[in-house]
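Q: data.cif is the file, holding mmCIF, C-alpha atoms:
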data_run
loop_
_atom_site.label_atom_id
_atom_site.label_comp_id
_atom_site.auth_asym_id
_atom_site.auth_seq_id
_atom_site.Cartn_x
_atom_site.Cartn_y
_atom_site.Cartn_z
CA MET U 1 25.97 36.88 -31.86
CA LYS U 2 24.74 33.29 -31.39
CA ARG U 3 23.03 31.53 -34.30
CA VAL U 4 20.26 29.08 -33.44
CA LEU U 5 18.42 26.59 -35.62
CA ILE U 6 14.70 26.31 -34.88
CA THR U 7 12.89 23.35 -36.40
CA GLY U 8 9.16 23.80 -36.92
CA GLY U 9 9.58 27.58 -36.76
CA GLY U 10 6.39 28.15 -38.75
CA GLY U 11 4.25 26.52 -36.06
CA TYR U 12 2.40 28.11 -33.16
CA ILE U 13 5.06 27.54 -30.50
CA GLY U 14 8.01 27.58 -32.90
CA SER U 15 7.12 30.99 -34.36
CA HIS U 16 6.86 32.53 -30.89
CA ALA U 17 10.30 31.10 -30.10
CA VAL U 18 11.65 32.64 -33.32
CA LYS U 19 10.27 36.02 -32.23
CA TYR U 20 11.73 35.75 -28.72
CA PHE U 21 15.21 34.75 -29.89
CA LEU U 22 15.30 37.47 -32.55
CA GLU U 23 14.31 40.03 -29.91
CA HIS U 24 17.19 38.75 -27.76
CA GLN U 25 19.78 39.43 -30.45
CA CYS U 26 20.20 35.92 -31.85
CA GLU U 27 20.49 35.04 -35.51
CA VAL U 28 17.80 32.48 -36.32
CA VAL U 29 17.70 29.78 -38.99
CA VAL U 30 14.35 28.02 -39.44
CA ILE U 31 13.59 24.71 -41.06
CA ASP U 32 9.93 23.77 -41.63
CA ASN U 33 8.15 21.70 -44.27
CA PHE U 34 5.04 23.90 -43.79
CA SER U 35 2.70 20.92 -43.91
CA ARG U 36 1.19 22.18 -40.66
CA GLY U 37 3.11 25.41 -40.06
CA PHE U 38 2.74 28.78 -41.74
CA HIS U 39 4.93 31.07 -43.83
CA GLN U 40 3.16 34.23 -42.66
CA PRO U 41 4.57 34.60 -39.12
CA LEU U 42 8.09 34.14 -40.45
CA ASP U 43 7.50 36.75 -43.16
CA LEU U 44 6.44 39.16 -40.40
CA LEU U 45 9.39 38.25 -38.19
CA LYS U 46 11.98 38.96 -40.86
CA ASN U 47 11.51 42.60 -39.87
CA VAL U 48 12.52 41.83 -36.27
CA GLY U 49 16.05 40.49 -36.84
CA SER U 50 18.33 38.18 -38.79
CA LEU U 51 16.13 35.32 -39.98
CA LYS U 52 16.82 32.70 -42.64
CA VAL U 53 14.13 30.16 -43.62
CA TYR U 54 14.50 26.76 -45.28
CA GLU U 55 11.48 24.86 -46.56
CA ALA U 56 12.56 21.28 -45.97
CA ASP U 57 11.52 18.10 -44.17
CA LEU U 58 13.37 16.57 -41.24
CA THR U 59 12.73 13.11 -42.66
CA SER U 60 15.12 14.07 -45.49
CA PHE U 61 18.63 13.72 -44.05
CA ASP U 62 20.27 15.33 -47.09
CA ALA U 63 18.08 18.43 -46.80
CA LEU U 64 18.90 18.69 -43.09
CA LEU U 65 22.61 18.28 -43.68
CA LYS U 66 22.53 21.09 -46.24
CA VAL U 67 21.09 23.48 -43.64
CA PHE U 68 23.85 22.64 -41.15
CA GLU U 69 26.60 22.88 -43.75
CA GLU U 70 25.44 26.30 -44.94
CA ASN U 71 25.09 27.79 -41.45
CA GLU U 72 27.33 27.93 -38.41
CA ILE U 73 24.79 26.71 -35.87
CA ASP U 74 25.46 27.08 -32.14
CA THR U 75 22.32 25.50 -30.65
CA VAL U 76 19.26 23.66 -31.99
CA LEU U 77 15.71 24.18 -30.70
CA HIS U 78 13.63 21.25 -31.92
CA PHE U 79 9.88 21.95 -32.17
CA ALA U 80 8.97 20.16 -35.39
CA ALA U 81 6.50 17.37 -34.63
CA PHE U 82 2.95 16.18 -35.11
CA LEU U 83 1.06 16.82 -31.87
CA SER U 84 -2.53 15.55 -31.97
CA VAL U 85 -3.14 12.86 -29.36
CA ASP U 86 -6.32 11.74 -31.09
CA GLU U 87 -4.65 11.52 -34.51
CA SER U 88 -1.73 9.58 -33.03
CA VAL U 89 -4.10 6.91 -31.71
CA LYS U 90 -5.70 6.56 -35.14
CA HIS U 91 -2.47 6.80 -37.14
CA PRO U 92 0.54 5.87 -34.96
CA GLU U 93 2.65 5.28 -38.07
CA LEU U 94 2.61 9.02 -38.84
CA TYR U 95 3.95 9.87 -35.40
CA PHE U 96 6.79 7.38 -35.34
CA LYS U 97 7.89 8.24 -38.87
CA ASN U 98 7.68 12.01 -38.43
CA ASN U 99 8.46 12.62 -34.76
CA VAL U 100 10.94 9.81 -34.11
CA GLY U 101 12.44 9.51 -37.60
CA GLY U 102 12.81 13.28 -37.96
CA THR U 103 14.49 13.58 -34.57
CA LEU U 104 16.95 10.81 -35.37
CA ASN U 105 17.91 12.55 -38.61
CA LEU U 106 18.35 15.81 -36.70
CA LEU U 107 20.60 14.19 -34.10
CA GLU U 108 22.71 12.61 -36.84
CA ALA U 109 23.03 15.89 -38.76
CA MET U 110 24.15 17.55 -35.53
CA ARG U 111 26.67 14.79 -34.81
CA VAL U 112 28.13 14.85 -38.31
CA THR U 113 28.56 18.63 -38.31
CA GLY U 114 29.78 18.97 -34.73
CA VAL U 115 26.77 20.79 -33.26
CA ASN U 116 26.14 19.44 -29.77
CA LYS U 117 23.62 21.69 -27.97
CA LEU U 118 19.91 20.85 -28.16
CA VAL U 119 16.70 22.11 -26.52
CA PHE U 120 13.97 19.55 -27.17
CA SER U 121 10.27 20.33 -27.22
CA SER U 122 8.79 17.48 -25.20
CA SER U 123 5.42 17.07 -23.51
CA CYS U 124 3.70 16.14 -20.29
CA SER U 125 2.21 13.28 -22.31
CA VAL U 126 5.40 11.29 -21.57
CA PHE U 127 4.00 10.75 -18.06
CA GLY U 128 0.63 9.23 -18.97
CA GLU U 129 -1.92 8.91 -16.19
CA SER U 130 -0.79 10.78 -13.09
CA GLN U 131 0.20 8.57 -10.15
CA TYR U 132 0.45 11.66 -7.94
CA LEU U 133 -0.08 15.39 -8.30
CA PRO U 134 1.53 17.75 -8.99
CA ILE U 135 3.82 15.92 -11.41
CA ASP U 136 7.56 16.42 -10.91
CA GLU U 137 10.41 15.18 -13.09
CA GLN U 138 10.71 11.95 -11.07
CA HIS U 139 7.19 10.82 -11.96
CA PRO U 140 7.12 7.48 -13.85
CA LEU U 141 7.17 7.78 -17.64
CA GLN U 142 4.27 5.68 -18.93
CA PRO U 143 2.64 7.34 -21.97
CA ILE U 144 -0.78 6.06 -22.95
CA ASN U 145 -0.87 7.28 -26.56
CA PRO U 146 1.49 7.15 -29.56
CA TYR U 147 2.14 10.90 -29.42
CA GLY U 148 3.47 10.64 -25.86
CA GLU U 149 5.37 7.49 -26.77
CA SER U 150 7.03 9.25 -29.70
CA LYS U 151 8.19 12.08 -27.42
CA LEU U 152 9.55 9.62 -24.86
CA ILE U 153 11.45 7.67 -27.53
CA CYS U 154 12.99 10.95 -28.69
CA GLU U 155 14.02 11.81 -25.12
CA LYS U 156 15.69 8.40 -24.80
CA MET U 157 17.55 8.84 -28.08
CA ILE U 158 18.77 12.25 -26.97
CA ARG U 159 20.02 10.82 -23.65
CA TRP U 160 22.08 8.23 -25.53
CA TYR U 161 23.57 10.92 -27.80
CA VAL U 162 24.49 12.90 -24.70
CA GLN U 163 26.27 9.86 -23.32
CA ALA U 164 27.93 8.63 -26.51
CA HIS U 165 28.63 11.87 -28.39
CA HIS U 166 28.94 14.43 -25.58
CA PHE U 167 25.83 16.35 -26.51
CA ARG U 168 24.37 18.91 -24.11
CA ALA U 169 20.59 18.67 -24.06
CA ILE U 170 17.51 19.88 -22.24
CA SER U 171 14.06 18.38 -22.61
CA LEU U 172 11.24 20.81 -21.80
CA ARG U 173 8.09 18.90 -20.92
CA TYR U 174 5.32 21.38 -21.22
CA PHE U 175 1.71 21.19 -20.33
CA ASN U 176 -1.19 22.86 -22.21
CA VAL U 177 -0.17 25.98 -24.11
CA CYS U 178 -2.34 29.06 -24.60
CA GLY U 179 -2.07 32.74 -25.46
CA ALA U 180 -0.60 34.86 -28.24
CA SER U 181 2.14 37.47 -28.44
CA SER U 182 1.51 40.55 -26.31
CA ASP U 183 1.86 42.89 -29.28
CA GLY U 184 -0.74 40.96 -31.30
CA LEU U 185 1.77 40.24 -34.07
CA ILE U 186 1.54 36.44 -34.08
CA GLY U 187 -0.73 33.79 -32.60
CA ASP U 188 -2.29 30.37 -33.13
CA SER U 189 -3.61 29.94 -36.66
CA LYS U 190 -4.62 26.26 -36.71
CA ARG U 191 -8.24 25.62 -37.62
CA PRO U 192 -9.37 23.95 -35.51
CA SER U 193 -6.68 24.45 -32.90
CA PRO U 194 -5.73 21.43 -30.77
CA HIS U 195 -5.61 23.79 -27.80
CA LEU U 196 -8.66 24.19 -25.55
CA VAL U 197 -8.29 27.86 -24.60
CA GLN U 198 -7.92 28.96 -28.22
CA ASN U 199 -11.11 27.13 -29.16
CA LEU U 200 -12.97 28.55 -26.16
CA VAL U 201 -11.97 32.11 -27.10
CA ARG U 202 -13.03 31.57 -30.71
CA GLY U 203 -16.34 30.22 -29.41
CA ALA U 204 -16.85 33.18 -27.08
CA MET U 205 -16.12 35.60 -29.92
CA GLY U 206 -18.60 33.85 -32.22
CA ILE U 207 -15.92 32.93 -34.75
CA THR U 208 -16.56 29.19 -34.65
CA PRO U 209 -18.85 26.97 -32.55
CA PHE U 210 -17.19 25.44 -29.51
CA HIS U 211 -17.27 21.64 -29.34
CA LEU U 212 -16.66 19.61 -26.20
CA THR U 213 -14.35 16.97 -27.62
CA CYS U 214 -13.08 15.55 -24.33
CA PRO U 215 -14.16 12.13 -23.05
CA THR U 216 -15.83 11.66 -19.67
CA VAL U 217 -13.07 11.00 -17.13
CA ASP U 218 -12.72 10.35 -13.41
CA THR U 219 -12.55 13.92 -12.10
CA PRO U 220 -15.01 15.88 -9.90
CA ASP U 221 -16.90 17.34 -12.87
CA GLY U 222 -16.14 14.55 -15.35
CA THR U 223 -13.87 16.63 -17.61
CA PRO U 224 -10.06 16.45 -17.90
CA ILE U 225 -7.94 18.60 -15.59
CA ARG U 226 -4.94 20.29 -17.18
CA ASP U 227 -2.24 22.87 -16.46
CA TYR U 228 -2.28 25.89 -18.80
CA ILE U 229 0.93 27.77 -19.60
CA ASP U 230 1.19 30.98 -21.58
CA ILE U 231 3.10 30.95 -24.86
CA GLU U 232 5.36 33.87 -23.88
CA ASP U 233 6.27 32.28 -20.55
CA LEU U 234 7.02 29.11 -22.48
CA THR U 235 9.33 30.77 -24.99
CA ALA U 236 11.15 32.55 -22.16
CA ALA U 237 11.91 29.11 -20.69
CA HIS U 238 13.45 28.04 -24.00
CA TYR U 239 15.77 31.01 -23.93
CA LEU U 240 16.80 30.25 -20.34
CA ALA U 241 17.45 26.63 -21.38
CA PHE U 242 19.57 27.90 -24.29
CA GLU U 243 21.62 30.02 -21.89
CA TYR U 244 21.96 27.10 -19.45
CA LEU U 245 23.44 24.88 -22.17
CA GLN U 246 26.21 27.38 -22.84
CA HIS U 247 27.75 26.46 -19.47
CA HIS U 248 26.46 23.00 -18.47
CA ASP U 249 27.06 19.50 -19.78
CA GLY U 250 24.78 16.47 -19.74
CA PHE U 251 21.01 16.06 -19.98
CA GLU U 252 18.25 17.69 -17.94
CA ALA U 253 14.45 17.52 -18.13
CA PHE U 254 12.19 20.28 -16.84
CA ASN U 255 8.43 20.43 -16.37
CA LEU U 256 6.88 23.71 -17.51
CA GLY U 257 3.46 24.65 -16.19
CA ASN U 258 1.64 26.96 -13.83
CA GLY U 259 1.49 24.31 -11.13
CA LYS U 260 -2.31 24.46 -10.99
CA GLY U 261 -4.96 22.26 -12.58
CA TYR U 262 -8.22 23.45 -14.16
CA SER U 263 -10.94 21.24 -15.59
CA VAL U 264 -12.39 21.84 -19.06
CA LYS U 265 -15.65 23.02 -17.47
CA GLU U 266 -13.76 25.41 -15.17
CA MET U 267 -11.95 26.88 -18.18
CA LEU U 268 -15.27 27.22 -19.99
CA THR U 269 -16.70 29.18 -17.04
CA GLN U 270 -13.61 31.41 -16.82
CA VAL U 271 -13.76 32.36 -20.50
CA GLU U 272 -17.50 33.02 -20.22
CA GLN U 273 -16.88 35.35 -17.27
CA ILE U 274 -14.15 37.31 -19.07
CA PHE U 275 -16.24 37.74 -22.23
CA GLN U 276 -19.57 38.08 -20.38
CA VAL U 277 -21.19 35.60 -22.74
CA LYS U 278 -22.71 32.14 -22.57
CA ILE U 279 -20.84 29.67 -24.77
CA GLN U 280 -23.07 27.06 -26.36
CA ALA U 281 -20.87 24.02 -25.88
CA GLU U 282 -21.81 21.32 -28.37
CA LYS U 283 -20.95 17.79 -27.24
CA ASP U 284 -18.94 15.90 -29.85
CA ASN U 285 -20.31 12.45 -30.64
CA GLN U 286 -16.79 11.14 -31.13
CA PRO U 287 -14.63 12.28 -28.18
CA ARG U 288 -10.89 12.40 -28.57
CA GLN U 289 -9.01 9.20 -27.89
CA GLY U 290 -5.93 8.68 -25.74
CA GLU U 291 -6.77 11.35 -23.14
CA TYR U 292 -5.98 11.02 -19.41
CA ALA U 293 -7.93 12.35 -16.44
CA ALA U 294 -5.76 14.86 -14.58
CA VAL U 295 -2.27 16.26 -14.92
CA TYR U 296 -0.59 19.43 -13.70
CA ALA U 297 3.02 20.35 -13.11
CA ASP U 298 5.42 20.86 -10.29
CA PRO U 299 7.62 23.48 -12.02
CA SER U 300 9.96 24.02 -9.06
CA LYS U 301 13.00 22.44 -10.75
CA ALA U 302 12.80 24.90 -13.67
CA LYS U 303 12.48 27.77 -11.22
CA ARG U 304 15.45 26.54 -9.18
CA MET U 305 17.86 25.63 -11.99
CA LEU U 306 16.83 27.91 -14.86
CA GLY U 307 15.49 30.85 -12.88
CA TRP U 308 12.21 30.54 -14.76
CA GLU U 309 9.03 32.19 -13.48
CA VAL U 310 5.46 32.35 -14.74
CA HIS U 311 4.49 35.97 -15.41
CA ARG U 312 1.21 35.90 -17.34
CA SER U 313 -2.08 34.92 -15.71
CA LEU U 314 -4.73 32.85 -17.43
CA ALA U 315 -6.82 35.99 -17.83
CA GLU U 316 -3.91 37.71 -19.61
CA SER U 317 -3.46 34.70 -21.89
CA ILE U 318 -7.14 34.79 -22.77
CA GLN U 319 -7.01 38.55 -23.41
CA SER U 320 -3.97 38.15 -25.69
CA LEU U 321 -5.92 35.58 -27.72
CA GLN U 322 -8.86 37.97 -27.93
CA LYS U 323 -6.50 40.62 -29.30
CA TRP U 324 -5.08 38.15 -31.84
CA TYR U 325 -8.40 36.75 -33.04
CA ASP U 326 -9.96 40.22 -33.17
CA LYS U 327 -7.47 41.09 -35.92
CA HIS U 328 -7.17 37.58 -37.37
CA PRO U 329 -10.45 35.71 -36.80
CA GLN U 330 -9.45 33.04 -39.30
CA GLY U 331 -5.75 33.09 -38.45
CA TYR U 332 -3.08 34.13 -40.93
CA ASP U 333 -4.27 35.26 -44.34
CA TYR U 334 -3.96 32.49 -46.87
#
Go ahead and render the structure in this file as structure tokens.
A:
Amino acid sequence: MKRVLITGGGGYIGSHAVKYFLEHQCEVVVIDNFSRGFHQPLDLLKNVGSLKVYEADLTSFDALLKVFEENEIDTVLHFAAFLSVDESVKHPELYFKNNVGGTLNLLEAMRVTGVNKLVFSSSCSVFGESQYLPIDEQHPLQPINPYGESKLICEKMIRWYVQAHHFRAISLRYFNVCGASSDGLIGDSKRPSPHLVQNLVRGAMGITPFHLTCPTVDTPDGTPIRDYIDIEDLTAAHYLAFEYLQHHDGFEAFNLGNGKGYSVKEMLTQVEQIFQVKIQAEKDNQPRQGEYAAVYADPSKAKRMLGWEVHRSLAESIQSLQKWYDKHPQGYDY
């Protein structure tokens, strides 16, 4: 049985990855400082399989080293990171210290203990403004905010470790994530969530008012166009990347998305149609900074090399969120 280390396993995406890997007969070790993640999904997931949790910070090398020394890790899945574009513009120092510094410590702990397989949680933000659509892996890397820059710096560091220390690594550049687990066990508990679809569903259900936080951009309806990928499709891609690394050397990057772009207003209309309600969208006086106009993926490389396919529709993602928020309108119990 393979043992994987998942950093940031208490977060939205990380906890779904923990669930998926446990269900696929892996032993899972989690490290999370829980500053933005949650204990509750991991407490629930201890009933699914072999799960060990460490409360520690990646910026502490000694704490990281302890985790590696106490566990025979086969592969690392690295999710732990700050992820707000707007916050990164206002406080870039947080993003370089946490995202870049934490990743460097992780790479060093892996090197020292002889662990050489890594799946890195990257982002489409490494591309910046799209020069053509859809975006493939050859698109220029020109991030326009500190969050995207921090992810790109991490990718570059990983490439050098692959070259110098014979690491095997995959960078998964995903687009906008939505949805919750099909069984309703876990979901997105951030309040407010940085994810549009989650906030739209909460607005449609009357849990919290929906605020239009996006700036006016150069698109047909003036709102940003994004590619929305379901959380369960995303975690399946991480498992396929994990399997790929068992037999392949070097570094690869893959774009993960549906391959279609939807504007914020189009998503608003779709959620309204599913819920048969009119969402009162309140315009925020201070729109988010560092946003770009349009971006959506060409996921053909992931399909060709990993055998990855998108299975859940946007409607199914929205319905899974409805199921989650129906039981947990305020997220996990505190």
Q: Need to verify the contact set: U:Leu133, 12 Å, only C-alpha atoms, exclusion of same-chain residues closer than 5 positions in sequence. Can you return it as a compact mmCIF listing (two decimals) with C-alpha atoms, in the frame of the given file?
A:
# COMPACT_ATOMS: atom_id res chain seq x y z
CA PHE U 127 4.00 10.75 -18.06
CA GLN U 138 10.71 11.95 -11.07
CA HIS U 139 7.19 10.82 -11.96
CA ILE U 225 -7.94 18.60 -15.59
CA ARG U 226 -4.94 20.29 -17.18
CA ASP U 227 -2.24 22.87 -16.46
CA GLY U 259 1.49 24.31 -11.13
CA LYS U 260 -2.31 24.46 -10.99
CA GLY U 261 -4.96 22.26 -12.58
CA ALA U 293 -7.93 12.35 -16.44
CA ALA U 294 -5.76 14.86 -14.58
CA VAL U 295 -2.27 16.26 -14.92
CA TYR U 296 -0.59 19.43 -13.70
CA ALA U 297 3.02 20.35 -13.11
CA ASP U 298 5.42 20.86 -10.29
CA PRO U 299 7.62 23.48 -12.02
Q: Quick one: axis-aligned box around all listed atoms of stretch 61-64 of chain U, 6 Å on every side, centre and edge lengths in Å to one decimal, written as AutoDock Vina command-line options.
A:
--center_x 19.2 --center_y 16.2 --center_z -45.1 --size_x 14.2 --size_y 17.0 --size_z 16.0
Q: U:Thr269, U:Glu129, U:Ile186, U:Asp230: which is nearest U:Val217, counting only C-alpha atoms?
A: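 The closest residue to U:Val217 is U:Glu129.
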Q: Give as a VMD selection string the residues that the PyMOL selection byres ((chain U and resi 92) around 12) matches when applied to the coordinates above.
A: chain U and resid 82 to 91 93 to 100 145 to 150 290
Q: Report as CSV the residues of stretch 52-98 of chain U within 10 Å of stretch 103-109 of chain U, each with its shortest atom pair and distance in Å (one decimal), using all atoms listed in the file, ordered by chain and increasing residue number.
A:
residue,atom,partner,partner_atom,distance
U:Leu58,CA,U:Asn105,CA,6.6
U:Thr59,CA,U:Asn105,CA,6.6
U:Ser60,CA,U:Asn105,CA,7.6
U:Phe61,CA,U:Asn105,CA,5.6
U:Asp62,CA,U:Ala109,CA,8.8
U:Ala63,CA,U:Ala109,CA,9.8
U:Leu64,CA,U:Ala109,CA,6.6
U:Leu65,CA,U:Ala109,CA,5.5
U:Lys66,CA,U:Ala109,CA,9.1
U:Val67,CA,U:Ala109,CA,9.2
U:Phe68,CA,U:Ala109,CA,7.2
U:Glu69,CA,U:Ala109,CA,9.3
U:Val76,CA,U:Leu106,CA,9.2
U:His78,CA,U:Thr103,CA,8.2
U:Phe79,CA,U:Thr103,CA,9.9
U:Ala80,CA,U:Thr103,CA,8.6
U:Ala81,CA,U:Thr103,CA,8.8
U:Phe96,CA,U:Thr103,CA,9.9
U:Lys97,CA,U:Thr103,CA,9.5
U:Asn98,CA,U:Thr103,CA,8.0
Q: Using the chain letters and numbers from the file, which residues does the PyMOL selection byres ((chain U and resi 116-121) around 6) grab, as a PyMOL selection string?
A: chain U and resi 75-79+115+122+167-172
Q: For each of U:His166, U:Arg173, U:Lys301, U:Lys278, take the minimum atom-to-atom distance to U:Gly206, counting all atoms listed in the file, then give the residue where this is smallest.
A: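 Between U:His166, U:Arg173, U:Lys301, U:Lys278, the residue approaching U:Gly206 most closely is U:Lys278.
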Q: Writing C-alpha atoms and nothing else, produce stretch 64-109 of chain U as a compact mmCIF listing (two decimals), in the first residue's frame.
A:
# COMPACT_ATOMS: atom_id res chain seq x y z
CA LEU U 64 8.43 19.20 8.19
CA LEU U 65 11.49 17.03 8.63
CA LYS U 66 9.87 15.34 11.63
CA VAL U 67 6.89 14.30 9.48
CA PHE U 68 9.15 12.76 6.83
CA GLU U 69 11.34 10.99 9.39
CA GLU U 70 8.35 9.44 11.15
CA ASN U 71 6.66 8.22 7.97
CA GLU U 72 7.82 6.26 4.95
CA ILE U 73 6.45 8.60 2.28
CA ASP U 74 6.22 7.47 -1.34
CA THR U 75 4.79 10.59 -3.01
CA VAL U 76 3.95 14.15 -1.93
CA LEU U 77 0.84 16.06 -3.06
CA HIS U 78 1.43 19.73 -2.30
CA PHE U 79 -1.74 21.80 -1.87
CA ALA U 80 -0.80 24.06 1.03
CA ALA U 81 -0.84 27.69 -0.13
CA PHE U 82 -2.58 31.02 0.21
CA LEU U 83 -4.81 31.49 -2.84
CA SER U 84 -6.56 34.87 -2.88
CA VAL U 85 -5.55 36.95 -5.89
CA ASP U 86 -6.91 40.11 -4.31
CA GLU U 87 -5.10 39.51 -1.01
CA SER U 88 -1.85 38.76 -2.84
CA VAL U 89 -1.97 42.17 -4.55
CA LYS U 90 -2.46 43.88 -1.19
CA HIS U 91 -0.01 41.72 0.75
CA PRO U 92 2.54 40.11 -1.60
CA GLU U 93 4.88 39.44 1.33
CA LEU U 94 2.44 36.84 2.70
CA TYR U 95 2.41 34.94 -0.57
CA PHE U 96 6.15 34.80 -1.10
CA LYS U 97 6.83 33.81 2.51
CA ASN U 98 4.10 31.17 2.70
CA ASN U 99 3.79 29.80 -0.83
CA VAL U 100 7.40 30.08 -1.98
CA GLY U 101 9.14 29.65 1.38
CA GLY U 102 6.94 26.71 2.35
CA THR U 103 7.54 24.98 -0.98
CA LEU U 104 11.30 25.40 -0.69
CA ASN U 105 11.24 23.84 2.77
CA LEU U 106 9.14 20.97 1.43
CA LEU U 107 11.54 20.32 -1.45
CA GLU U 108 14.49 20.33 0.95
CA ALA U 109 12.77 17.95 3.37
